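Structure file upload30.csv (CSV, C-alpha atoms and all ligand atoms) follows.
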chain,number,residue,atom,x,y,z
A,7,MET,CA,-127.9,-125.2,112.9
A,8,LYS,CA,-129.1,-125.6,109.3
A,9,ARG,CA,-125.7,-124.8,108.1
A,10,TRP,CA,-124.4,-127.8,110.0
A,11,ASN,CA,-126.9,-130.2,108.5
A,12,LEU,CA,-124.1,-132.2,106.9
A,13,ALA,CA,-126.3,-135.2,106.2
A,14,ALA,CA,-128.7,-133.1,104.1
A,15,GLN,CA,-125.7,-131.6,102.2
A,16,LEU,CA,-124.4,-135.1,101.5
A,17,ASP,CA,-127.8,-136.2,100.3
A,18,ALA,CA,-127.8,-133.3,97.8
A,19,LEU,CA,-124.4,-134.5,96.5
A,20,LYS,CA,-125.9,-137.9,96.0
A,21,ARG,CA,-128.8,-136.5,94.0
A,22,GLN,CA,-126.4,-134.7,91.7
A,23,GLN,CA,-124.3,-137.8,91.1
A,24,LEU,CA,-121.5,-136.0,92.8
A,25,TYR,CA,-121.1,-138.2,95.8
A,26,ARG,CA,-117.6,-139.7,95.9
A,27,THR,CA,-116.8,-143.1,97.3
A,28,ARG,CA,-113.5,-145.1,97.7
A,29,GLN,CA,-112.8,-148.5,96.3
A,30,ILE,CA,-110.8,-150.6,98.6
A,31,VAL,CA,-107.8,-152.0,96.8
A,32,GLY,CA,-106.5,-155.4,98.0
A,33,GLY,CA,-103.2,-155.8,96.2
A,34,PRO,CA,-100.4,-154.0,94.4
A,35,GLN,CA,-100.9,-151.4,91.6
A,36,GLY,CA,-100.6,-152.9,88.1
A,37,PRO,CA,-102.4,-153.6,84.9
A,38,GLN,CA,-104.7,-155.7,87.1
A,39,LEU,CA,-106.1,-154.4,90.3
A,40,VAL,CA,-107.9,-156.4,93.0
A,41,ILE,CA,-111.0,-154.8,94.6
A,42,ASP,CA,-113.1,-156.6,97.1
A,43,GLY,CA,-111.5,-159.8,96.0
A,44,THR,CA,-112.3,-159.3,92.3
A,45,SER,CA,-109.6,-158.6,89.7
A,46,PHE,CA,-110.1,-155.8,87.2
A,47,ASP,CA,-108.2,-154.6,84.2
A,48,ASN,CA,-107.0,-151.3,85.5
A,49,PHE,CA,-107.1,-148.3,83.2
A,50,SER,CA,-107.3,-145.7,85.9
A,51,SER,CA,-104.0,-145.3,87.6
A,52,ASN,CA,-101.1,-142.9,87.0
A,53,ASP,CA,-98.5,-145.6,87.3
A,54,TYR,CA,-97.6,-145.0,83.6
A,55,LEU,CA,-94.3,-146.9,83.5
A,56,GLY,CA,-95.5,-149.8,85.6
A,57,LEU,CA,-92.9,-149.2,88.3
A,58,ALA,CA,-95.1,-149.0,91.4
A,59,ASN,CA,-94.8,-152.8,91.9
A,60,HIS,CA,-91.4,-153.4,90.2
A,61,PRO,CA,-89.4,-156.1,92.1
A,62,GLU,CA,-86.2,-154.0,92.1
A,63,VAL,CA,-88.0,-151.0,93.5
A,64,ILE,CA,-89.6,-153.2,96.2
A,65,ALA,CA,-86.2,-154.7,97.0
A,66,ALA,CA,-84.6,-151.3,97.4
A,67,PHE,CA,-87.4,-150.2,99.7
A,68,GLN,CA,-87.0,-153.3,101.9
A,69,LYS,CA,-83.2,-153.0,102.0
A,70,ALA,CA,-83.4,-149.3,103.0
A,71,ALA,CA,-86.1,-150.1,105.6
A,72,SER,CA,-83.8,-152.6,107.2
A,73,GLU,CA,-80.9,-150.1,107.2
A,74,TYR,CA,-82.7,-146.9,108.1
A,75,GLY,CA,-85.9,-148.2,109.8
A,76,VAL,CA,-89.2,-146.8,108.6
A,77,GLY,CA,-89.8,-143.3,110.1
A,78,SER,CA,-87.5,-140.4,109.2
A,79,GLY,CA,-87.9,-139.1,112.7
A,80,SER,CA,-88.2,-135.4,112.0
A,81,ALA,CA,-88.3,-132.6,109.5
A,82,HIS,CA,-85.4,-132.1,107.0
A,83,LEU,CA,-84.0,-129.1,108.9
A,84,ILE,CA,-83.8,-131.0,112.2
A,85,CYS,CA,-82.5,-134.5,111.7
A,86,GLY,CA,-84.8,-136.2,109.1
A,87,HIS,CA,-82.7,-135.5,106.0
A,88,SER,CA,-81.0,-138.9,105.3
A,89,SER,CA,-78.3,-139.7,102.8
A,90,GLU,CA,-81.0,-141.4,100.7
A,91,HIS,CA,-82.9,-138.1,100.5
A,92,HIS,CA,-79.7,-136.3,99.6
A,93,ALA,CA,-78.6,-138.8,97.0
A,94,LEU,CA,-82.0,-138.8,95.3
A,95,GLU,CA,-81.9,-135.0,95.1
A,96,GLU,CA,-78.6,-135.1,93.4
A,97,GLU,CA,-79.8,-137.7,90.9
A,98,LEU,CA,-83.0,-135.7,90.2
A,99,ALA,CA,-80.9,-132.5,89.5
A,100,GLU,CA,-78.7,-134.5,87.0
A,101,PHE,CA,-81.8,-136.2,85.5
A,102,THR,CA,-83.5,-132.8,84.8
A,103,GLY,CA,-80.4,-131.0,83.8
A,104,ARG,CA,-80.8,-128.5,86.7
A,105,GLU,CA,-78.3,-127.3,89.3
A,106,ARG,CA,-80.2,-128.7,92.2
A,107,ALA,CA,-83.4,-130.4,93.3
A,108,LEU,CA,-85.4,-130.5,96.5
A,109,VAL,CA,-87.7,-133.4,97.5
A,110,PHE,CA,-91.1,-132.6,99.0
A,111,SER,CA,-93.5,-135.1,100.7
A,112,THR,CA,-96.2,-134.6,98.1
A,113,GLY,CA,-96.8,-132.7,94.9
A,114,TYR,CA,-99.6,-130.8,96.6
A,115,MET,CA,-97.3,-129.6,99.3
A,116,ALA,CA,-94.5,-128.8,96.8
A,117,ASN,CA,-96.8,-126.5,94.9
A,118,MET,CA,-98.2,-124.8,98.0
A,119,GLY,CA,-94.7,-124.3,99.3
A,120,VAL,CA,-93.0,-123.1,96.2
A,121,ILE,CA,-95.6,-120.5,95.2
A,122,SER,CA,-96.0,-119.1,98.7
A,123,ALA,CA,-92.2,-118.9,99.1
A,124,LEU,CA,-91.7,-117.0,95.9
A,125,VAL,CA,-94.5,-114.5,95.6
A,126,THR,CA,-96.7,-112.5,97.9
A,127,LYS,CA,-99.2,-109.6,98.1
A,128,GLY,CA,-98.5,-107.1,95.4
A,129,ASP,CA,-97.1,-109.7,93.0
A,130,ALA,CA,-99.0,-111.3,90.1
A,131,ILE,CA,-99.5,-115.0,89.2
A,132,PHE,CA,-100.8,-116.1,85.8
A,133,GLN,CA,-102.2,-119.6,85.5
A,134,ASP,CA,-104.0,-121.8,82.9
A,135,LYS,CA,-107.6,-122.4,83.9
A,136,LEU,CA,-107.1,-126.1,83.8
A,137,ASN,CA,-104.1,-126.1,86.2
A,138,HIS,CA,-104.1,-128.7,89.0
A,139,ALA,CA,-105.9,-127.7,92.2
A,140,SER,CA,-102.7,-127.5,94.2
A,141,LEU,CA,-101.4,-124.7,91.9
A,142,ILE,CA,-104.5,-122.7,92.4
A,143,ASP,CA,-104.4,-123.3,96.2
A,144,GLY,CA,-100.8,-122.3,96.3
A,145,ALA,CA,-101.6,-119.1,94.5
A,146,ARG,CA,-104.4,-118.3,97.0
A,147,LEU,CA,-102.1,-119.1,100.0
A,148,SER,CA,-99.4,-116.7,98.6
A,149,GLY,CA,-101.7,-113.7,98.7
A,150,ALA,CA,-100.5,-112.6,95.2
A,151,GLU,CA,-103.0,-111.5,92.6
A,152,LEU,CA,-104.2,-114.5,90.5
A,153,LYS,CA,-105.0,-114.1,86.9
A,154,ARG,CA,-106.3,-117.1,85.0
A,155,TYR,CA,-106.4,-117.5,81.2
A,156,SER,CA,-108.5,-120.0,79.2
A,157,HIS,CA,-106.9,-123.3,78.6
A,158,ASN,CA,-103.7,-122.9,76.5
A,159,ASP,CA,-104.8,-119.4,75.3
A,160,LEU,CA,-101.4,-117.8,75.2
A,161,ASP,CA,-102.6,-114.8,73.3
A,162,ARG,CA,-104.8,-114.0,76.3
A,163,LEU,CA,-101.8,-114.7,78.6
A,164,GLN,CA,-99.8,-112.2,76.6
A,165,GLN,CA,-102.5,-109.6,77.0
A,166,LEU,CA,-102.7,-110.2,80.8
A,167,LEU,CA,-98.9,-109.8,81.0
A,168,GLN,CA,-99.0,-106.6,79.1
A,169,GLN,CA,-101.8,-105.2,81.3
A,170,SER,CA,-100.1,-106.1,84.5
A,171,SER,CA,-98.5,-103.4,86.5
A,172,SER,CA,-96.9,-105.8,89.0
A,173,ASP,CA,-93.1,-105.9,88.8
A,174,LYS,CA,-92.9,-109.5,90.0
A,175,LYS,CA,-94.7,-111.9,87.7
A,176,LEU,CA,-94.9,-115.7,87.9
A,177,ILE,CA,-96.4,-117.8,85.1
A,178,ILE,CA,-97.5,-121.3,86.1
A,179,THR,CA,-98.9,-124.1,84.1
A,180,ASP,CA,-99.3,-127.9,84.1
A,181,GLY,CA,-96.9,-129.4,81.5
A,182,VAL,CA,-99.2,-132.2,80.6
A,183,PHE,CA,-102.7,-131.4,81.8
A,184,SER,CA,-103.9,-134.0,84.2
A,185,MET,CA,-107.5,-134.4,83.0
A,186,ASP,CA,-107.0,-133.6,79.3
A,187,GLY,CA,-103.7,-135.2,78.6
A,188,ASP,CA,-102.7,-132.4,76.2
A,189,GLU,CA,-99.5,-130.3,76.6
A,190,ALA,CA,-98.7,-126.7,77.3
A,191,ASP,CA,-96.8,-124.9,74.6
A,192,VAL,CA,-93.7,-124.6,76.8
A,193,LYS,CA,-91.6,-123.0,74.1
A,194,ARG,CA,-93.9,-120.1,73.6
A,195,LEU,CA,-94.4,-119.8,77.3
A,196,ALA,CA,-90.7,-119.5,77.8
A,197,SER,CA,-90.4,-116.7,75.3
A,198,LEU,CA,-93.4,-114.9,76.7
A,199,ALA,CA,-91.8,-115.1,80.2
A,200,ALA,CA,-88.5,-113.8,78.8
A,201,GLU,CA,-90.3,-110.9,77.0
A,202,HIS,CA,-92.2,-109.8,80.1
A,203,ASP,CA,-89.5,-110.5,82.6
A,204,ALA,CA,-91.6,-113.1,84.4
A,205,ALA,CA,-90.5,-116.3,86.0
A,206,LEU,CA,-92.0,-119.5,84.6
A,207,MET,CA,-93.0,-122.6,86.6
A,208,ILE,CA,-93.9,-125.9,85.0
A,209,ASP,CA,-95.7,-128.7,86.9
A,210,ASP,CA,-94.7,-131.7,84.9
A,211,ALA,CA,-96.4,-134.3,87.2
A,212,HIS,CA,-97.7,-136.3,84.2
A,213,GLY,CA,-94.8,-135.6,81.8
A,214,VAL,CA,-91.9,-136.9,83.9
A,215,GLY,CA,-91.2,-140.6,83.2
A,216,VAL,CA,-93.3,-140.5,80.1
A,217,LEU,CA,-92.0,-137.8,77.8
A,218,GLY,CA,-88.4,-136.9,76.6
A,219,GLY,CA,-85.6,-139.2,75.5
A,220,THR,CA,-84.7,-140.3,79.1
A,221,GLY,CA,-88.1,-139.6,80.6
A,222,ALA,CA,-87.2,-136.2,82.0
A,223,GLY,CA,-90.4,-134.9,80.7
A,224,LEU,CA,-91.9,-132.2,78.5
A,225,LEU,CA,-88.9,-129.8,79.0
A,226,GLU,CA,-86.5,-132.5,77.9
A,227,GLN,CA,-88.7,-133.2,74.9
A,228,HIS,CA,-88.5,-129.5,73.9
A,229,GLY,CA,-84.9,-128.9,75.1
A,230,LEU,CA,-85.7,-126.2,77.5
A,231,ASN,CA,-83.0,-125.5,80.1
A,232,GLN,CA,-83.0,-123.9,83.6
A,233,GLN,CA,-82.5,-120.5,82.1
A,234,GLN,CA,-85.7,-120.8,80.0
A,235,VAL,CA,-87.8,-122.5,82.7
A,236,PRO,CA,-86.3,-121.6,86.1
A,237,ILE,CA,-88.8,-123.6,88.2
A,238,LEU,CA,-89.6,-127.2,87.3
A,239,MET,CA,-91.8,-129.2,89.6
A,240,ALA,CA,-92.8,-132.9,89.2
A,241,THR,CA,-94.2,-135.7,91.3
A,242,LEU,CA,-92.7,-139.1,92.1
A,243,GLY,CA,-96.0,-140.9,92.6
A,244,LYS,CA,-97.0,-141.1,89.0
A,245,GLY,CA,-94.6,-142.1,86.2
A,246,LEU,CA,-91.9,-142.9,88.8
A,247,GLY,CA,-94.2,-145.2,90.7
A,248,THR,CA,-93.3,-144.2,94.3
A,249,ALA,CA,-94.4,-141.2,96.3
A,250,GLY,CA,-93.5,-137.6,96.9
A,251,ALA,CA,-92.4,-134.7,94.6
A,252,PHE,CA,-89.5,-132.5,93.8
A,253,VAL,CA,-88.6,-129.0,92.6
A,254,ALA,CA,-85.6,-128.5,90.4
A,255,GLY,CA,-83.8,-125.3,89.5
A,256,SER,CA,-80.9,-123.0,90.4
A,257,ASP,CA,-78.9,-123.3,93.6
A,258,ALA,CA,-80.4,-120.0,94.7
A,259,LEU,CA,-84.0,-121.2,94.1
A,260,ILE,CA,-83.4,-124.4,96.1
A,261,GLU,CA,-81.7,-122.5,99.0
A,262,THR,CA,-84.7,-120.1,99.0
A,263,LEU,CA,-87.1,-123.0,99.3
A,264,ILE,CA,-85.1,-124.5,102.1
A,265,GLN,CA,-85.3,-121.2,104.0
A,266,ARG,CA,-88.9,-120.2,103.1
A,267,ALA,CA,-91.2,-123.0,101.8
A,268,ARG,CA,-93.3,-123.7,104.9
A,269,THR,CA,-94.6,-127.1,103.5
A,270,TYR,CA,-90.9,-128.2,103.3
A,271,ILE,CA,-89.9,-126.8,106.7
A,272,PHE,CA,-92.8,-127.7,108.9
A,273,THR,CA,-93.3,-131.4,108.0
A,274,THR,CA,-91.7,-134.7,108.7
A,275,ALA,CA,-89.3,-135.9,106.0
A,276,MET,CA,-90.5,-138.8,103.9
A,277,PRO,CA,-89.2,-142.3,105.0
A,278,PRO,CA,-85.7,-142.9,103.6
A,279,ALA,CA,-86.9,-146.2,102.1
A,280,ILE,CA,-89.2,-144.2,99.8
A,281,MET,CA,-86.2,-142.3,98.6
A,282,ALA,CA,-84.1,-145.4,98.1
A,283,ALA,CA,-87.0,-147.0,96.1
A,284,THR,CA,-87.3,-143.9,94.0
A,285,ARG,CA,-83.6,-143.9,93.2
A,286,VAL,CA,-84.1,-147.4,91.6
A,287,SER,CA,-87.2,-146.5,89.8
A,288,LEU,CA,-85.5,-143.3,88.5
A,289,SER,CA,-82.7,-145.5,87.1
A,290,LEU,CA,-85.2,-147.9,85.5
A,291,CYS,CA,-87.0,-145.0,84.0
A,292,GLN,CA,-83.9,-143.6,82.4
A,293,GLN,CA,-82.5,-147.0,81.2
A,294,GLU,CA,-85.6,-148.8,80.0
A,295,ASP,CA,-86.7,-146.9,76.9
A,296,TRP,CA,-89.0,-149.8,76.0
A,297,ARG,CA,-91.5,-148.5,78.6
A,298,ARG,CA,-91.9,-145.2,76.8
A,299,GLU,CA,-91.9,-146.9,73.4
A,300,LYS,CA,-94.6,-149.4,74.5
A,301,LEU,CA,-96.7,-146.5,75.9
A,302,VAL,CA,-96.5,-144.7,72.5
A,303,SER,CA,-97.7,-147.8,70.7
A,304,LEU,CA,-100.5,-148.6,73.2
A,305,VAL,CA,-101.7,-145.0,73.0
A,306,SER,CA,-101.8,-145.1,69.2
A,307,ARG,CA,-103.6,-148.5,69.3
A,308,PHE,CA,-106.2,-147.2,71.7
A,309,ARG,CA,-106.8,-144.0,69.7
A,310,HIS,CA,-107.1,-145.8,66.4
A,311,GLY,CA,-109.7,-148.2,67.9
A,312,ALA,CA,-111.6,-145.5,69.7
A,313,GLN,CA,-111.8,-143.3,66.6
A,314,GLN,CA,-113.2,-146.3,64.6
A,315,LEU,CA,-115.9,-146.6,67.3
A,316,GLY,CA,-116.6,-142.9,66.9
A,317,LEU,CA,-115.7,-142.1,70.5
A,318,ASN,CA,-115.3,-138.4,71.5
A,319,LEU,CA,-111.5,-138.4,72.1
A,320,MET,CA,-109.4,-135.3,73.0
A,321,SER,CA,-106.2,-134.2,71.2
A,322,SER,CA,-103.9,-136.0,73.6
A,323,LYS,CA,-100.7,-137.8,72.6
A,324,THR,CA,-100.0,-138.9,76.2
A,325,PRO,CA,-101.1,-141.9,78.2
A,326,ILE,CA,-104.0,-139.8,79.5
A,327,GLN,CA,-106.9,-140.5,77.1
A,328,PRO,CA,-110.1,-138.9,78.0
A,329,VAL,CA,-113.4,-139.9,76.4
A,330,VAL,CA,-115.9,-137.0,76.8
A,331,LEU,CA,-119.5,-138.1,77.6
A,332,GLY,CA,-120.9,-134.7,78.7
A,333,SER,CA,-122.8,-135.3,81.9
A,334,ASN,CA,-122.2,-136.7,85.4
A,335,GLN,CA,-125.0,-139.2,84.8
A,336,ALA,CA,-123.5,-140.5,81.6
A,337,VAL,CA,-120.0,-140.8,83.1
A,338,VAL,CA,-121.2,-142.6,86.2
A,339,SER,CA,-123.3,-145.1,84.3
A,340,MET,CA,-120.6,-145.8,81.7
A,341,ALA,CA,-118.0,-146.3,84.4
A,342,ALA,CA,-120.4,-148.7,86.2
A,343,TYR,CA,-121.1,-150.6,83.0
A,344,LEU,CA,-117.3,-151.0,82.3
A,345,LYS,CA,-116.7,-152.1,85.9
A,346,ASP,CA,-119.3,-154.7,85.5
A,347,LYS,CA,-117.4,-156.0,82.5
A,348,GLY,CA,-114.2,-156.0,84.5
A,349,PHE,CA,-112.6,-152.7,83.6
A,350,LEU,CA,-111.7,-149.8,85.9
A,351,VAL,CA,-111.6,-146.3,84.4
A,352,GLY,CA,-111.7,-142.9,86.0
A,353,ALA,CA,-115.1,-141.2,86.1
A,354,ILE,CA,-114.3,-137.5,86.1
A,355,ARG,CA,-117.2,-135.3,86.9
A,356,HIS,CA,-118.0,-131.6,87.4
A,357,PRO,CA,-116.5,-129.8,89.3
A,358,THR,CA,-113.2,-131.5,88.6
A,359,VAL,CA,-113.8,-130.7,84.9
A,360,ALA,CA,-116.2,-128.1,83.4
A,361,LYS,CA,-119.9,-128.9,82.9
A,362,SER,CA,-120.6,-130.7,79.6
A,363,SER,CA,-117.1,-132.0,79.5
A,364,GLU,CA,-117.5,-134.8,82.0
A,365,ARG,CA,-115.5,-137.7,80.9
A,366,LEU,CA,-114.0,-141.1,81.3
A,367,ARG,CA,-110.3,-140.7,82.1
A,368,ILE,CA,-108.6,-143.7,80.6
A,369,THR,CA,-104.9,-144.1,81.4
A,370,LEU,CA,-102.5,-146.5,79.8
A,371,SER,CA,-99.4,-148.1,81.3
A,372,ALA,CA,-96.3,-149.7,79.8
A,373,THR,CA,-97.4,-152.9,81.6
A,374,HIS,CA,-100.7,-153.2,79.8
A,375,THR,CA,-100.9,-155.8,77.0
A,376,GLU,CA,-102.2,-155.1,73.5
A,377,SER,CA,-105.0,-157.5,74.1
A,378,GLN,CA,-106.0,-155.7,77.3
A,379,VAL,CA,-106.4,-152.5,75.2
A,380,ASP,CA,-108.4,-154.4,72.6
A,381,SER,CA,-110.7,-155.8,75.2
A,382,LEU,CA,-111.3,-152.4,76.7
A,383,LEU,CA,-112.2,-151.2,73.2
A,384,SER,CA,-114.7,-154.1,72.8
A,385,ALA,CA,-116.2,-153.2,76.1
A,386,LEU,CA,-116.6,-149.6,75.0
A,387,GLU,CA,-118.2,-150.8,71.8
A,388,GLY,CA,-120.6,-152.9,73.8
A,389,ALA,CA,-121.5,-150.0,76.1
A,390,MET,CA,-122.4,-147.9,73.1
A,391,ARG,CA,-124.5,-150.7,71.6
A,392,ASP,CA,-126.4,-151.6,74.9
B,401,LIG,C1,-101.0,-135.3,91.0
B,401,LIG,C2,-100.7,-133.9,90.8
B,401,LIG,C3,-100.2,-133.1,91.8
B,401,LIG,C4,-100.1,-133.5,93.2
B,401,LIG,O1,-99.1,-134.5,93.5
B,401,LIG,P1,-99.3,-135.5,94.7
B,401,LIG,O2,-97.9,-136.0,94.9
B,401,LIG,O3,-100.3,-136.5,94.3
B,401,LIG,O4,-99.8,-134.6,95.9
B,401,LIG,C5,-99.7,-131.8,91.4
B,401,LIG,N1,-99.8,-131.4,90.2
B,401,LIG,C6,-100.3,-132.1,89.2
B,401,LIG,C7,-100.4,-131.6,87.8
B,401,LIG,C8,-100.8,-133.4,89.5
B,401,LIG,O5,-101.3,-134.2,88.5

In structure tokens, what does this structure look like?
Amino acid sequence: MKRWNLAAQLDALKRQQLYRTRQIVGGPQGPQLVIDGTSFDNFSSNDYLGLANHPEVIAAFQKAASEYGVGSGSAHLICGHSSEHHALEEELAEFTGRERALVFSTGYMANMGVISALVTKGDAIFQDKLNHASLIDGARLSGAELKRYSHNDLDRLQQLLQQSSSDKKLIITDGVFSMDGDEADVKRLASLAAEHDAALMIDDAHGVGVLGGTGAGLLEQHGLNQQQVPILMATLGKGLGTAGAFVAGSDALIETLIQRARTYIFTTAMPPAIMAATRVSLSLCQQEDWRREKLVSLVSRFRHGAQQLGLNLMSSKTPIQPVVLGSNQAVVSMAAYLKDKGFLVGAIRHPTVAKSSERLRITLSATHTESQVDSLLSALEGAMRD
């Protein structure tokens, strides 16, 4: 029963500084977060626009809960697809400039469902090595052959496409990379896809809300339409501050997913109140440009200060600002030091990121103040001195 000695395996994780624990949050998400009764400056969430605790979003949630109750009662294809789900889908299609959109319960499920609905054994998938775990798992589930290229190495992708004998090819990449904050070259990806008769899928979980004139993400920023990028996926639990995910594209794509995406079909629909809350956060996202402008200015303030301290930043223009420290030990002790000073930052270790690139993942939100950013920089300076 040695294989089942879970306690010994857990001990091994602890020795490698890989043991994960949860912090118990005692209040709403925001620039401050309460953990075990103590308030911290929060630089670790994905609530980039600060909408997770917005009073209008909360009011919409409460109103819909009193009209629809809480549970959706069933899957979408039985009797769980409410008028709030339907209206949000129409608004997301309009927002992203696509024919239609389909809401999934989580981003993880959307990726698993989309990929396995569209490709199968004998087909080929091409993915960036830094893609989100759900994209990798979706590819595995599909049974298609998975080829991975080094991060943003589109010359290598081109080679792989040329070498592939499969006649059904699907290229998949994160739009904004979740742990690095940098962006995929979506323009070149779109032309490679066209050249090689491949479909292109962009997971813009960290771009939607944050990038583009109305917050529709990386594809809006680069003016790429449904023809050029036929499969757009994004989540609702990050920039939009609620929960769930969606896929946007042609009518035929969405109908195919309704027929074939098992993570859409065989699961209970999200509560209608989440959809109602998201409709309001989507409208705030589109109307309140100041949130994106504020983010741009906080990002540049942080980067400027961090460069002066000589911190090892990555080439990210987004609110995801990693500081590479290079070992699990260094990341764990730096995060603990910062927590002791009242700051929460993500401690990202191997195997989430490659060995020697272990990092703090600092994220900015439109609801942070400049002085909060300055205090974080002082704390980082202190950490380097101490
Ligand atoms: C967070 C994330 C997901 C998963 O979305 P959830 O709604 O949290 O399940 C998928 N892709 C990327 C790139 C993400 O960052």

Near Gln68 of chain A, within 12 Å and counting only C-alpha atoms, which residues show up once chain neighbours fewer than 4 positions away are dropped, as an MDAnalysis selection string? chainID A and resid 61:64 72:76 277:283

Output C-alpha atoms for every residue in that selection, as a PDB file, keeping the file's coordinate frame.
ATOM      1  CA  PRO A  61     -89.400-156.100  92.100  1.00  0.00           C
ATOM      2  CA  GLU A  62     -86.200-154.000  92.100  1.00  0.00           C
ATOM      3  CA  VAL A  63     -88.000-151.000  93.500  1.00  0.00           C
ATOM      4  CA  ILE A  64     -89.600-153.200  96.200  1.00  0.00           C
ATOM      5  CA  SER A  72     -83.800-152.600 107.200  1.00  0.00           C
ATOM      6  CA  GLU A  73     -80.900-150.100 107.200  1.00  0.00           C
ATOM      7  CA  TYR A  74     -82.700-146.900 108.100  1.00  0.00           C
ATOM      8  CA  GLY A  75     -85.900-148.200 109.800  1.00  0.00           C
ATOM      9  CA  VAL A  76     -89.200-146.800 108.600  1.00  0.00           C
ATOM     10  CA  PRO A 277     -89.200-142.300 105.000  1.00  0.00           C
ATOM     11  CA  PRO A 278     -85.700-142.900 103.600  1.00  0.00           C
ATOM     12  CA  ALA A 279     -86.900-146.200 102.100  1.00  0.00           C
ATOM     13  CA  ILE A 280     -89.200-144.200  99.800  1.00  0.00           C
ATOM     14  CA  MET A 281     -86.200-142.300  98.600  1.00  0.00           C
ATOM     15  CA  ALA A 282     -84.100-145.400  98.100  1.00  0.00           C
ATOM     16  CA  ALA A 283     -87.000-147.000  96.100  1.00  0.00           C
TER      17      ALA A 283
END

Can you work out which one of A:Gly218, A:Val329, A:Gly32, A:His212 has the shortest atom-to-atom distance to Gly316 of chain A, counting only C-alpha atoms?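 Counting only C-alpha atoms, the residue closest to Gly316 of chain A is A:Val329.
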
Please tabulate, as JSON lines, the residues of chain A that come within 8 Å of ligand LIG 401 (chain B), each with its closest pair of atoms and the distance in Å to one decimal, counting only C-alpha atoms and all ligand atoms and ordering rows by chain, then residue number upward.
{"residue": "A:Ser111", "atom": "CA", "partner": "B:LIG401", "partner_atom": "O2", "distance": 7.3}
{"residue": "A:Thr112", "atom": "CA", "partner": "B:LIG401", "partner_atom": "O2", "distance": 3.9}
{"residue": "A:Gly113", "atom": "CA", "partner": "B:LIG401", "partner_atom": "O1", "distance": 3.2}
{"residue": "A:Tyr114", "atom": "CA", "partner": "B:LIG401", "partner_atom": "O4", "distance": 3.9}
{"residue": "A:Met115", "atom": "CA", "partner": "B:LIG401", "partner_atom": "O4", "distance": 6.5}
{"residue": "A:Ala116", "atom": "CA", "partner": "B:LIG401", "partner_atom": "O4", "distance": 7.9}
{"residue": "A:Asn117", "atom": "CA", "partner": "B:LIG401", "partner_atom": "C5", "distance": 7.0}
{"residue": "A:Asn137", "atom": "CA", "partner": "B:LIG401", "partner_atom": "C7", "distance": 6.8}
{"residue": "A:His138", "atom": "CA", "partner": "B:LIG401", "partner_atom": "C7", "distance": 4.9}
{"residue": "A:Ala139", "atom": "CA", "partner": "B:LIG401", "partner_atom": "N1", "distance": 7.4}
{"residue": "A:Ser140", "atom": "CA", "partner": "B:LIG401", "partner_atom": "C5", "distance": 5.9}
{"residue": "A:Leu141", "atom": "CA", "partner": "B:LIG401", "partner_atom": "N1", "distance": 7.1}
{"residue": "A:Asp180", "atom": "CA", "partner": "B:LIG401", "partner_atom": "C7", "distance": 5.3}
{"residue": "A:Gly181", "atom": "CA", "partner": "B:LIG401", "partner_atom": "C7", "distance": 7.5}
{"residue": "A:Val182", "atom": "CA", "partner": "B:LIG401", "partner_atom": "C7", "distance": 7.3}
{"residue": "A:Phe183", "atom": "CA", "partner": "B:LIG401", "partner_atom": "C7", "distance": 6.4}
{"residue": "A:Ser184", "atom": "CA", "partner": "B:LIG401", "partner_atom": "O5", "distance": 5.0}
{"residue": "A:Asp209", "atom": "CA", "partner": "B:LIG401", "partner_atom": "C7", "distance": 5.6}
{"residue": "A:Asp210", "atom": "CA", "partner": "B:LIG401", "partner_atom": "C7", "distance": 6.4}
{"residue": "A:Ala211", "atom": "CA", "partner": "B:LIG401", "partner_atom": "C7", "distance": 4.9}
{"residue": "A:His212", "atom": "CA", "partner": "B:LIG401", "partner_atom": "O5", "distance": 6.0}
{"residue": "A:Ala240", "atom": "CA", "partner": "B:LIG401", "partner_atom": "N1", "distance": 7.2}
{"residue": "A:Thr241", "atom": "CA", "partner": "B:LIG401", "partner_atom": "O2", "distance": 5.2}
{"residue": "A:Leu242", "atom": "CA", "partner": "B:LIG401", "partner_atom": "O2", "distance": 6.7}
{"residue": "A:Gly243", "atom": "CA", "partner": "B:LIG401", "partner_atom": "O2", "distance": 5.7}
{"residue": "A:Lys244", "atom": "CA", "partner": "B:LIG401", "partner_atom": "C1", "distance": 7.3}
{"residue": "A:Ala249", "atom": "CA", "partner": "B:LIG401", "partner_atom": "O2", "distance": 6.4}
{"residue": "A:Gly250", "atom": "CA", "partner": "B:LIG401", "partner_atom": "O2", "distance": 5.1}
{"residue": "A:Ala251", "atom": "CA", "partner": "B:LIG401", "partner_atom": "O2", "distance": 5.7}

Counting only C-alpha atoms, the option among A:Leu206, A:Val379, A:Met276, A:Val216 closest to His92 of chain A: A:Met276

Which residues of segment 244-273 of chain A have any atom within 7 Å of an atom in segment 37-60 of chain A when counting all atoms listed in the file, and what is the closest pair of atoms for each, with the distance in Å to one decimal? Order the rows by chain and rising number and write it as a Markdown table.
| residue | atom | partner | partner_atom | distance |
| --- | --- | --- | --- | --- |
| A:Lys244 | CA | A:Asn52 | CA | 4.9 |
| A:Gly245 | CA | A:Tyr54 | CA | 4.9 |
| A:Leu246 | CA | A:Leu57 | CA | 6.4 |
| A:Gly247 | CA | A:Ala58 | CA | 4.0 |
| A:Thr248 | CA | A:Ala58 | CA | 5.9 |

Counting only C-alpha atoms, the residue among A:Ser78, A:Ile178, A:Gln227, A:Ser197 that lies closest to Ile142 of chain A is A:Ile178

Using only C-alpha atoms, which residue out of A:Ser148, A:Thr369, A:Thr262, A:Ser172 lies closest to Leu350 of chain A?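 Using only C-alpha atoms, Leu350 of chain A sits closest to A:Thr369.
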